[in-house]
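Peer 1: Got protein.txt for you, compact mmCIF, C-alpha atoms:
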# COMPACT_ATOMS: atom_id res chain seq x y z
CA MET A 1 0.00 0.00 0.00
CA SER A 2 2.82 2.39 0.89
CA GLY A 3 4.51 1.46 -2.38
CA ASP A 4 1.40 2.47 -4.32
CA ARG A 5 1.28 5.79 -2.48
CA SER A 6 4.93 6.57 -3.17
CA GLU A 7 4.42 5.60 -6.81
CA THR A 8 1.44 7.98 -7.02
CA ARG A 9 3.44 10.81 -5.45
CA LEU A 10 6.30 10.28 -7.92
CA ASN A 11 3.88 10.28 -10.83
CA ARG A 12 2.40 13.58 -9.67
CA VAL A 13 5.87 15.15 -9.69
CA LEU A 14 7.19 13.41 -12.81
CA PRO A 15 4.47 11.47 -14.70
CA GLY A 16 5.67 7.97 -15.50
CA LEU A 17 8.59 7.93 -13.07
CA GLY A 18 6.64 5.99 -10.45
CA TYR A 19 5.63 3.39 -13.04
CA LEU A 20 9.21 3.11 -14.27
CA LEU A 21 10.67 2.62 -10.80
CA GLY A 22 7.89 0.14 -10.06
CA GLY A 23 9.03 -2.05 -12.95
CA ARG A 24 6.44 -1.02 -15.54
CA ARG A 25 7.98 -0.31 -18.93
CA ALA A 26 5.02 1.87 -19.91
CA GLY A 27 6.43 4.57 -17.63
CA ALA A 28 9.41 5.22 -19.93
CA PRO A 29 7.49 6.78 -22.89
CA ILE A 30 5.24 8.69 -20.47
CA LEU A 31 8.23 10.18 -18.68
CA PHE A 32 9.96 10.90 -21.99
CA GLY A 33 6.86 12.70 -23.30
CA TRP A 34 6.53 14.81 -20.17
CA LEU A 35 10.22 15.79 -20.00
CA SER A 36 10.28 16.54 -23.74
CA GLY A 37 7.21 18.75 -23.45
CA VAL A 38 8.65 20.64 -20.49
CA ALA A 39 12.00 21.09 -22.26
CA ILE A 40 10.29 22.41 -25.41
CA ALA A 41 8.10 24.77 -23.36
CA ILE A 42 11.16 26.19 -21.59
CA GLY A 43 13.38 26.38 -24.67
CA ALA A 44 10.72 27.93 -26.90
CA ARG A 45 9.09 30.19 -24.32
CA ASP A 46 9.73 33.33 -26.38
CA ARG A 47 8.12 31.75 -29.45
CA ILE A 48 5.19 30.54 -27.36
CA ILE A 49 4.61 34.07 -26.05
CA ALA A 50 4.77 35.38 -29.63
CA THR A 51 2.21 32.73 -30.67
CA VAL A 52 -0.22 33.72 -27.92
CA THR A 53 0.08 37.40 -28.82
CA GLY A 54 -0.78 36.76 -32.46
CA GLY A 55 1.10 33.99 -34.26
CA PRO A 56 0.29 32.24 -37.55
CA ILE A 57 -1.86 29.13 -37.75
CA ASP A 58 1.07 26.69 -37.83
CA GLU A 59 2.40 28.08 -34.56
CA TRP A 60 -1.05 27.74 -32.97
CA LEU A 61 -1.07 24.12 -34.16
CA ALA A 62 2.35 23.63 -32.55
CA LEU A 63 1.10 25.20 -29.30
CA LEU A 64 -1.95 22.92 -29.30
CA THR A 65 0.32 19.92 -29.87
CA LEU A 66 2.51 20.96 -26.95
CA VAL A 67 -0.52 21.32 -24.66
CA VAL A 68 -1.83 17.90 -25.74
CA LEU A 69 1.61 16.36 -25.16
CA LEU A 70 1.86 17.72 -21.63
CA ALA A 71 -1.76 17.00 -20.73
CA GLY A 72 -1.64 13.51 -22.24
CA SER A 73 1.59 12.65 -20.42
CA TRP A 74 0.13 13.89 -17.12
CA TRP A 75 -3.09 11.91 -17.63
CA ALA A 76 -1.27 8.72 -18.65
CA GLY A 77 1.07 9.00 -15.68
CA ASN A 78 -1.68 9.55 -13.11
CA ARG A 79 -4.61 7.48 -14.34
CA ARG A 80 -5.70 4.38 -12.52
CA PRO A 81 -4.63 1.17 -14.27
CA ALA A 82 -7.45 -0.89 -15.76
CA THR A 83 -8.43 -4.02 -13.84
CA GLU A 84 -10.65 -5.55 -16.50
CA SER A 85 -9.81 -9.14 -17.42
CA VAL A 86 -8.81 -10.10 -20.92
CA ASP A 87 -11.98 -12.18 -21.44
CA GLY A 88 -14.12 -9.10 -20.77
CA ARG A 89 -12.42 -6.95 -23.38
CA SER A 90 -13.41 -6.30 -26.96
CA GLN A 91 -11.55 -7.85 -29.87
CA TRP A 92 -9.83 -4.52 -30.53
CA ALA A 93 -8.62 -4.36 -26.92
CA ILE A 94 -7.28 -7.90 -27.22
CA ALA A 95 -5.53 -6.96 -30.48
CA TRP A 96 -3.96 -3.92 -28.79
CA ARG A 97 -2.73 -6.16 -25.98
CA ARG A 98 -1.11 -8.48 -28.52
CA PHE A 99 0.40 -5.52 -30.32
CA THR A 100 2.03 -4.17 -27.17
CA ARG A 101 3.75 -7.53 -26.72
CA HIS A 102 5.41 -7.10 -30.12
CA ARG A 103 8.42 -5.05 -29.04
CA THR A 104 9.72 -4.04 -32.45
CA ALA A 105 6.25 -3.01 -33.60
CA LEU A 106 5.72 -1.00 -30.43
CA LEU A 107 9.09 0.68 -30.97
CA GLY A 108 8.05 1.54 -34.52
CA LEU A 109 4.79 3.05 -33.26
CA LEU A 110 6.60 5.14 -30.64
CA LEU A 111 9.09 6.45 -33.21
CA ILE A 112 6.28 7.35 -35.63
CA VAL A 113 4.52 9.23 -32.83
CA VAL A 114 7.79 11.06 -32.10
CA LEU A 115 8.20 11.95 -35.80
CA CYS A 116 4.63 13.25 -35.99
CA ALA A 117 5.16 15.30 -32.82
CA ILE A 118 8.37 16.75 -34.28
CA ALA A 119 6.52 17.69 -37.46
CA LEU A 120 3.70 19.39 -35.55
CA LEU A 121 6.12 21.16 -33.20
CA ALA A 122 8.35 22.35 -36.05
CA PRO A 123 7.99 26.12 -35.29
CA TYR A 124 9.29 25.47 -31.75
CA LEU A 125 11.99 22.93 -32.65
CA ALA A 126 13.56 24.31 -35.84
CA PRO A 127 16.56 26.50 -34.93
CA TYR A 128 16.25 28.62 -38.10
CA ASP A 129 13.66 29.64 -40.66
CA PRO A 130 13.81 26.86 -43.29
CA ASP A 131 13.23 29.15 -46.29
CA VAL A 132 15.20 32.31 -45.42
CA MET A 133 18.69 32.69 -46.86
CA PRO A 134 21.36 34.35 -44.70
CA ALA A 135 22.66 37.81 -45.52
CA ASP A 136 26.19 36.52 -46.14
CA LEU A 137 25.38 33.78 -48.62
CA VAL A 138 28.97 33.02 -49.64
CA ALA A 139 30.15 32.46 -46.07
CA ASN A 140 27.16 30.27 -45.10
CA ARG A 141 26.66 28.01 -48.13
CA PHE A 142 27.69 24.34 -48.04
CA LEU A 143 28.74 24.41 -44.38
CA SER A 144 29.43 20.93 -43.03
CA PRO A 145 27.66 19.67 -39.87
CA SER A 146 28.66 21.61 -36.74
CA LEU A 147 27.22 22.72 -33.41
CA GLU A 148 25.70 25.77 -35.06
CA HIS A 149 24.27 23.74 -37.94
CA PRO A 150 24.02 20.07 -36.81
CA MET A 151 23.10 18.88 -40.32
CA GLY A 152 25.00 21.52 -42.27
CA THR A 153 23.66 24.01 -44.82
CA ASP A 154 22.71 23.86 -48.50
CA ARG A 155 23.86 25.96 -51.46
CA PHE A 156 21.61 28.83 -50.34
CA GLY A 157 22.94 28.77 -46.78
CA ARG A 158 19.70 27.38 -45.36
CA ASP A 159 19.91 25.11 -42.32
CA ILE A 160 19.32 21.46 -43.29
CA LEU A 161 18.05 20.46 -39.82
CA SER A 162 15.32 23.10 -40.00
CA ARG A 163 14.38 22.03 -43.51
CA VAL A 164 14.25 18.34 -42.54
CA ILE A 165 11.98 19.17 -39.57
CA TYR A 166 9.64 21.27 -41.70
CA GLY A 167 9.89 18.75 -44.52
CA ALA A 168 8.49 16.11 -42.18
CA ARG A 169 5.25 18.07 -42.02
CA VAL A 170 4.75 17.92 -45.77
CA SER A 171 5.99 14.36 -46.35
CA LEU A 172 4.04 12.85 -43.47
CA SER A 173 0.91 14.85 -44.34
CA ILE A 174 1.02 13.63 -47.92
CA GLY A 175 1.57 10.05 -46.74
CA PHE A 176 -1.31 9.98 -44.26
CA LEU A 177 -3.82 11.96 -46.34
CA ALA A 178 -3.14 10.14 -49.60
CA VAL A 179 -3.47 6.75 -47.90
CA ALA A 180 -6.71 7.91 -46.23
CA ILE A 181 -8.10 8.75 -49.69
CA ALA A 182 -6.89 5.46 -51.18
CA ILE A 183 -8.21 3.34 -48.30
CA THR A 184 -11.61 5.04 -48.39
CA ILE A 185 -12.06 4.55 -52.13
CA GLY A 186 -10.67 1.01 -52.12
CA THR A 187 -12.75 -0.11 -49.15
CA LEU A 188 -16.02 1.26 -50.48
CA LEU A 189 -15.52 -0.05 -54.01
CA GLY A 190 -14.26 -3.43 -52.81
CA ALA A 191 -17.17 -3.83 -50.40
CA LEU A 192 -19.69 -2.87 -53.09
CA SER A 193 -18.11 -5.21 -55.63
CA GLY A 194 -17.90 -8.15 -53.24
CA TYR A 195 -21.39 -7.79 -51.78
CA VAL A 196 -23.40 -7.01 -54.92
CA GLY A 197 -21.46 -9.33 -57.22
CA ARG A 198 -22.68 -10.10 -60.75
CA TRP A 199 -21.98 -7.43 -63.39
CA VAL A 200 -20.98 -4.83 -60.77
CA ASP A 201 -18.19 -7.11 -59.55
CA ALA A 202 -17.05 -7.98 -63.06
CA LEU A 203 -17.04 -4.37 -64.28
CA SER A 204 -15.28 -2.91 -61.22
CA MET A 205 -12.59 -5.61 -61.12
CA ARG A 206 -11.83 -5.22 -64.82
CA PHE A 207 -11.47 -1.49 -64.22
CA VAL A 208 -9.04 -2.27 -61.39
CA ASP A 209 -7.12 -4.61 -63.69
CA VAL A 210 -6.76 -1.87 -66.30
CA LEU A 211 -5.40 0.59 -63.74
CA LEU A 212 -3.01 -1.99 -62.29
CA SER A 213 -1.61 -2.62 -65.77
CA PHE A 214 -0.10 0.88 -65.79
CA PRO A 215 3.12 1.38 -63.79
CA ARG A 216 2.17 3.67 -60.92
CA LEU A 217 5.20 5.94 -61.23
CA VAL A 218 4.54 6.52 -64.94
CA LEU A 219 0.88 7.27 -64.18
CA LEU A 220 1.89 9.67 -61.41
CA ILE A 221 4.34 11.51 -63.67
CA LEU A 222 1.70 11.79 -66.40
CA LEU A 223 -1.00 13.17 -64.09
CA VAL A 224 1.25 15.59 -62.21
CA ALA A 225 2.90 16.84 -65.41
CA LEU A 226 -0.47 17.88 -66.82
CA PHE A 227 -1.06 20.38 -64.00
CA GLU A 228 1.02 22.68 -61.84
CA PRO A 229 2.42 20.62 -58.94
CA SER A 230 1.08 21.56 -55.51
CA LEU A 231 0.56 19.92 -52.13
CA ALA A 232 -3.15 19.31 -52.74
CA LEU A 233 -2.60 17.95 -56.27
CA VAL A 234 0.20 15.58 -55.24
CA THR A 235 -1.84 14.27 -52.30
CA LEU A 236 -4.92 13.76 -54.46
CA VAL A 237 -3.00 12.05 -57.28
CA LEU A 238 -1.18 9.70 -54.90
CA GLY A 239 -4.48 8.83 -53.24
CA LEU A 240 -6.32 8.25 -56.52
CA THR A 241 -3.59 5.95 -57.84
CA GLY A 242 -3.15 3.82 -54.72
CA TRP A 243 -6.56 2.30 -53.97
CA MET A 244 -6.59 -0.67 -56.35
CA GLY A 245 -4.80 -3.13 -54.07
CA THR A 246 -7.10 -2.26 -51.18
CA ALA A 247 -10.17 -2.80 -53.36
CA ARG A 248 -8.99 -6.31 -54.27
CA ILE A 249 -8.25 -7.20 -50.63
CA VAL A 250 -11.61 -5.92 -49.37
CA ARG A 251 -13.49 -7.65 -52.18
CA GLY A 252 -11.92 -10.99 -51.30
CA GLU A 253 -12.73 -10.58 -47.62
CA VAL A 254 -16.32 -9.51 -48.32
CA LEU A 255 -16.88 -12.52 -50.60
CA SER A 256 -16.00 -14.70 -47.61
CA VAL A 257 -17.83 -12.76 -44.91
CA ARG A 258 -21.12 -12.26 -46.78
CA GLU A 259 -21.88 -15.99 -46.61
CA ARG A 260 -21.50 -16.28 -42.85
CA GLU A 261 -24.35 -16.94 -40.45
CA TYR A 262 -24.65 -13.49 -38.89
CA VAL A 263 -24.96 -11.88 -42.33
CA GLU A 264 -27.63 -14.40 -43.31
CA ALA A 265 -29.42 -13.62 -40.05
CA ALA A 266 -29.31 -9.89 -40.82
CA ARG A 267 -30.87 -10.56 -44.24
CA ALA A 268 -33.57 -12.73 -42.64
CA LEU A 269 -34.43 -9.88 -40.27
CA GLY A 270 -35.07 -7.65 -43.26
CA PHE A 271 -32.10 -5.30 -42.96
CA GLY A 272 -31.16 -3.38 -46.09
CA GLY A 273 -27.97 -3.99 -48.05
CA ARG A 274 -26.38 -0.71 -46.95
CA ARG A 275 -26.88 -1.49 -43.26
CA ILE A 276 -25.57 -5.03 -43.68
CA VAL A 277 -22.42 -3.79 -45.43
CA LEU A 278 -21.71 -0.89 -43.06
CA ARG A 279 -22.74 -2.51 -39.76
CA HIS A 280 -22.01 -6.22 -40.22
CA ILE A 281 -19.51 -6.78 -43.04
CA LEU A 282 -17.07 -3.85 -43.06
CA PRO A 283 -16.20 -4.02 -39.32
CA ASN A 284 -15.16 -7.64 -39.85
CA VAL A 285 -12.87 -6.94 -42.82
CA LEU A 286 -11.00 -3.95 -41.37
CA SER A 287 -8.03 -5.95 -40.07
CA PRO A 288 -6.27 -6.40 -43.45
CA VAL A 289 -7.28 -2.85 -44.41
CA ILE A 290 -5.49 -1.42 -41.35
CA VAL A 291 -2.35 -3.41 -42.13
CA THR A 292 -2.49 -2.32 -45.78
CA ALA A 293 -2.87 1.31 -44.73
CA THR A 294 0.13 1.12 -42.41
CA LEU A 295 2.36 -0.29 -45.12
CA GLY A 296 0.88 2.03 -47.74
CA ILE A 297 1.94 5.19 -45.88
CA GLY A 298 5.59 4.24 -46.25
CA ASN A 299 5.16 3.45 -49.95
CA THR A 300 3.39 6.78 -50.48
CA ILE A 301 6.20 8.71 -48.79
CA LEU A 302 8.66 6.95 -51.09
CA ALA A 303 6.52 7.78 -54.13
CA GLU A 304 6.35 11.45 -53.13
CA ALA A 305 10.11 11.49 -52.64
CA ALA A 306 10.57 10.05 -56.14
CA LEU A 307 8.30 12.73 -57.62
CA SER A 308 10.17 15.44 -55.70
CA PHE A 309 13.47 14.10 -56.99
CA LEU A 310 12.09 14.47 -60.51
CA GLY A 311 10.83 18.00 -59.76
CA LEU A 312 7.17 16.99 -60.08
CA SER A 313 6.04 17.30 -56.46
CA VAL A 314 5.73 20.24 -54.06
CA GLN A 315 7.93 22.99 -55.44
CA PRO A 316 10.74 24.81 -53.56
CA PRO A 317 11.20 26.72 -51.38
CA THR A 318 8.65 24.57 -49.51
CA ALA A 319 10.71 21.78 -48.00
CA THR A 320 9.94 18.09 -48.40
CA TRP A 321 12.35 15.27 -47.80
CA GLY A 322 12.30 14.46 -51.50
CA ASN A 323 13.11 17.92 -52.85
CA ILE A 324 15.86 18.39 -50.25
CA ILE A 325 17.49 15.25 -51.68
CA ALA A 326 16.95 16.59 -55.21
CA GLU A 327 18.62 19.89 -54.28
CA GLY A 328 21.54 17.96 -52.80
CA ASN A 329 21.90 16.02 -56.03
CA ASP A 330 22.87 19.25 -57.78
CA ALA A 331 25.84 19.58 -55.43
CA SER A 332 28.74 17.18 -55.16
CA LEU A 333 27.76 14.11 -53.16
CA VAL A 334 31.34 13.95 -51.89
CA ASP A 335 31.80 17.59 -50.91
CA ALA A 336 28.24 18.16 -49.60
CA TRP A 337 27.11 14.66 -48.62
CA TRP A 338 24.99 15.90 -45.71
CA ILE A 339 22.35 17.51 -47.94
CA THR A 340 21.10 14.16 -49.26
CA THR A 341 22.15 11.93 -46.34
CA PHE A 342 20.00 13.35 -43.53
CA PRO A 343 16.65 13.59 -45.37
CA GLY A 344 17.40 10.17 -46.86
CA LEU A 345 17.91 8.74 -43.37
CA ALA A 346 14.62 10.36 -42.29
CA ILE A 347 12.79 8.58 -45.13
CA VAL A 348 14.48 5.25 -44.35
CA ALA A 349 13.68 5.51 -40.62
CA THR A 350 10.04 6.45 -41.27
CA VAL A 351 9.42 3.65 -43.79
CA MET A 352 11.16 1.11 -41.55
CA CYS A 353 9.07 2.11 -38.52
CA LEU A 354 5.86 1.90 -40.56
CA ASN A 355 6.82 -1.56 -41.82
CA LEU A 356 7.52 -2.70 -38.26
CA MET A 357 4.09 -1.37 -37.25
CA GLY A 358 2.49 -3.20 -40.16
CA ASP A 359 4.11 -6.49 -39.18
CA GLY A 360 2.99 -6.06 -35.58
CA MET A 361 -0.57 -5.18 -36.58
CA ARG A 362 -0.76 -8.17 -38.90
CA ASP A 363 0.19 -10.49 -36.03
CA ALA A 364 -2.04 -8.70 -33.51
CA LEU A 365 -5.12 -8.76 -35.74
CA ASP A 366 -4.67 -12.39 -36.78
CA PRO A 367 -7.35 -14.38 -34.91
CA ARG A 368 -5.21 -17.52 -35.10
CA THR A 369 -2.60 -16.04 -32.73
CA GLU A 370 -2.85 -16.85 -29.06
CA ARG A 371 -4.10 -14.34 -26.54
Written as structure tokens, how would this file's structure read?

Peer 2:
Amino acid sequence: MSGDRSETRLNRVLPGLGYLLGGRRAGAPILFGWLSGVAIAIGARDRIIATVTGGPIDEWLALLTLVVLLAGSWWAGNRRPATESVDGRSQWAIAWRRFTRHRTALLGLLLIVVLCAIALLAPYLAPYDPDVMPADLVANRFLSPSLEHPMGTDRFGRDILSRVIYGARVSLSIGFLAVAIAITIGTLLGALSGYVGRWVDALSMRFVDVLLSFPRLVLLILLVALFEPSLALVTLVLGLTGWMGTARIVRGEVLSVREREYVEAARALGFGGRRIVLRHILPNVLSPVIVTATLGIGNTILAEAALSFLGLSVQPPTATWGNIIAEGNDASLVDAWWITTFPGLAIVATVMCLNLMGDGMRDALDPRTER
């Protein structure tokens, strides 16, 4: 009892510390989140004051993220642990429990959360303005990594660390939004095709086959080249060219689920097709969709980086990981290696973490795995 009280007191001072000293590994990310939020609030106090007195929308978003980080860390460190048994939990709660046992997948999730937090907190974390060139351009261009510029500078004297941090906002936004568009279209079309069947199924699947016959990169280049590249256009094009695989997966799952007893019972009760699909079929085919979405985000980030390298994505001076690499390609890879190396490492780390998450979700959502 006294141990629980001391743990509670420690958590009130430093959320997560009591859990960590009590042997619970969940205390480590809670403590890290709290200390990181406090450090950012102290280090960026002048910028926070400027935001409150009338900052732009991205700084208000960063301030909201900081508040959520601190409040969430405090809540997680001081909430009462759940006492519900595993048998009384929902299938999603059981899947989450399995996922947390997958250490590499959990590490991937934590790193993705950290990357998203860095992207949202960019105005408070970036040491320099990512788009502003210094007054003395000659003296500040192509500087190698140092304490003043940890990732060096580019040919315009701009800080690479600041551009990588701000580039995360664009690259991650494109990845998540494009996959959301693709998953929505693919799920709806696949569910419709699998449930209705007959000529609807045949026509929609032949349309999918035609689209899959075109190499995606060639199709992306063709569509983007027809219009002026922008963030909205690139996101929309990547989303509209990435739904075909999801449609096939959902169709296959729906063909299996629609013949099961609970669906037959719903038909016997007189429920309409829309209700059966939305309330009884789709919730039972979401597991492979979630895994596909997780893996698709990484592929979308790579596709956007390829378009940026070709000059067909978001245009400079707006920073994305892809166009930073493209700008570094104009310089010597030997004399200015840092320009391409650091954004390249950011892409590799993000895609690897997403793949680890996808593997963990696949195992956690597999009903054949043990509880």

Peer 1: With a distance cut-off of 7 Å and only C-alpha atoms, select the neighbouring residues of segment 335-350 of chain A, excluding the residue or stretch itself and same-chain residues fewer than 3 positions from it, and output the selection as a ChimeraX atom specification.

Peer 2: /A:112,142,151-152,154,160,164,321,324-325,328,331-332,353-354

Peer 1: Tell me, in Å to one decimal, how far atom CA of Arg163 of chain A is from atom CA of Pro130 of chain A.

Peer 2: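 Atom CA of Pro130 of chain A lies 4.9 Å from atom CA of Arg163 of chain A.
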
Peer 1: Counting only C-alpha atoms, figure out which residue out of A:Val67, A:Val208, A:Leu310, A:Ile48 gets nearest to Asn329 of chain A.

Peer 2: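 So, comparing all the options, the nearest one is A:Leu310.
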
Peer 1: Taking only C-alpha atoms into account, which of A:Gly37, A:Gly239, A:Pro316, A:Pro145 comes nearest Ser73 of chain A?

Peer 2: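 Distance minimum relative to Ser73 of chain A lands on A:Gly37.
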
Peer 1: To one decimal in Å, tell me the separation between atom CA of Leu17 of chain A and atom CA of Met357 of chain A.

Peer 2: 26.3 Å

Peer 1: Which of these, A:Val237, A:Leu203, A:Val170, A:Ala265, has the shortest distance to Thr318 of chain A once you count only C-alpha atoms?

Peer 2: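 Comparing A:Val237, A:Leu203, A:Val170, A:Ala265 against Thr318 of chain A, the winner is A:Val170.
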
Peer 1: What does the distance from atom CA of Val263 of chain A to atom CA of Ala95 of chain A come to in Å, to one decimal?

Peer 2: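 The value is 23.3 Å.
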
Peer 1: Pick out the residues sitting within 7 Å of Phe156 of chain A, and hand them over as a PDB file with C-alpha atoms, keeping the file's coordinate frame; count all atoms listed in the file, and ignore anything fewer than 3 positions along from it in its own chain.

Peer 2:
ATOM      1  CA  MET A 133      18.690  32.690 -46.860  1.00  0.00           C
ATOM      2  CA  LEU A 137      25.380  33.780 -48.620  1.00  0.00           C
ATOM      3  CA  ARG A 141      26.660  28.010 -48.130  1.00  0.00           C
TER       4      ARG A 141
END

Peer 1: List the neighbours of Ala319 of chain A out to 12 Å using all atoms listed in the file; skip same-chain residues closer than 6 positions along the sequence, and give me the result as a list in words.

Peer 2: Asp129, Pro130, Asp131, Val132, Arg158, Asp159, Ile160, Leu161, Ser162, Arg163, Val164, Ile165, Tyr166, Gly167, Ala168, Arg169, Val170, Ser171, Leu231, Ala305, Ser308, Ser313, Ile325, Ala326, Glu327 and Pro343 of chain A

Peer 1: In terms of the shortest atom-to-atom distance over all atoms listed in the file, which of A:Leu238, A:Leu219, A:Val285, A:Val113 is closest to Val257 of chain A?

Peer 2: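 Among the listed residues, A:Val285 lies closest to Val257 of chain A.
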
Peer 1: Counting only C-alpha atoms, select every polymer residue within 9 Å of (0.8, 17.5, -19.7) as defined in the file's coordinates, and provide the selection as number ranges by chain.

Peer 2: A: 15, 33-34, 37-38, 66-75

Peer 1: Smallest atom-to-atom distance to Asn284 of chain A: which of A:Trp92, A:Leu269, A:Leu121, A:Thr246, using only C-alpha atoms?

Peer 2: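 That would be A:Trp92, the residue with the smallest distance to Asn284 of chain A.
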
Peer 1: Counting only C-alpha atoms, what is within 10 Å of Ile276 of chain A, bar same-chain residues fewer than 6 positions away, as a PyMOL selection string?

Peer 2: chain A and resi 195+258+262-264+266-267+270+282
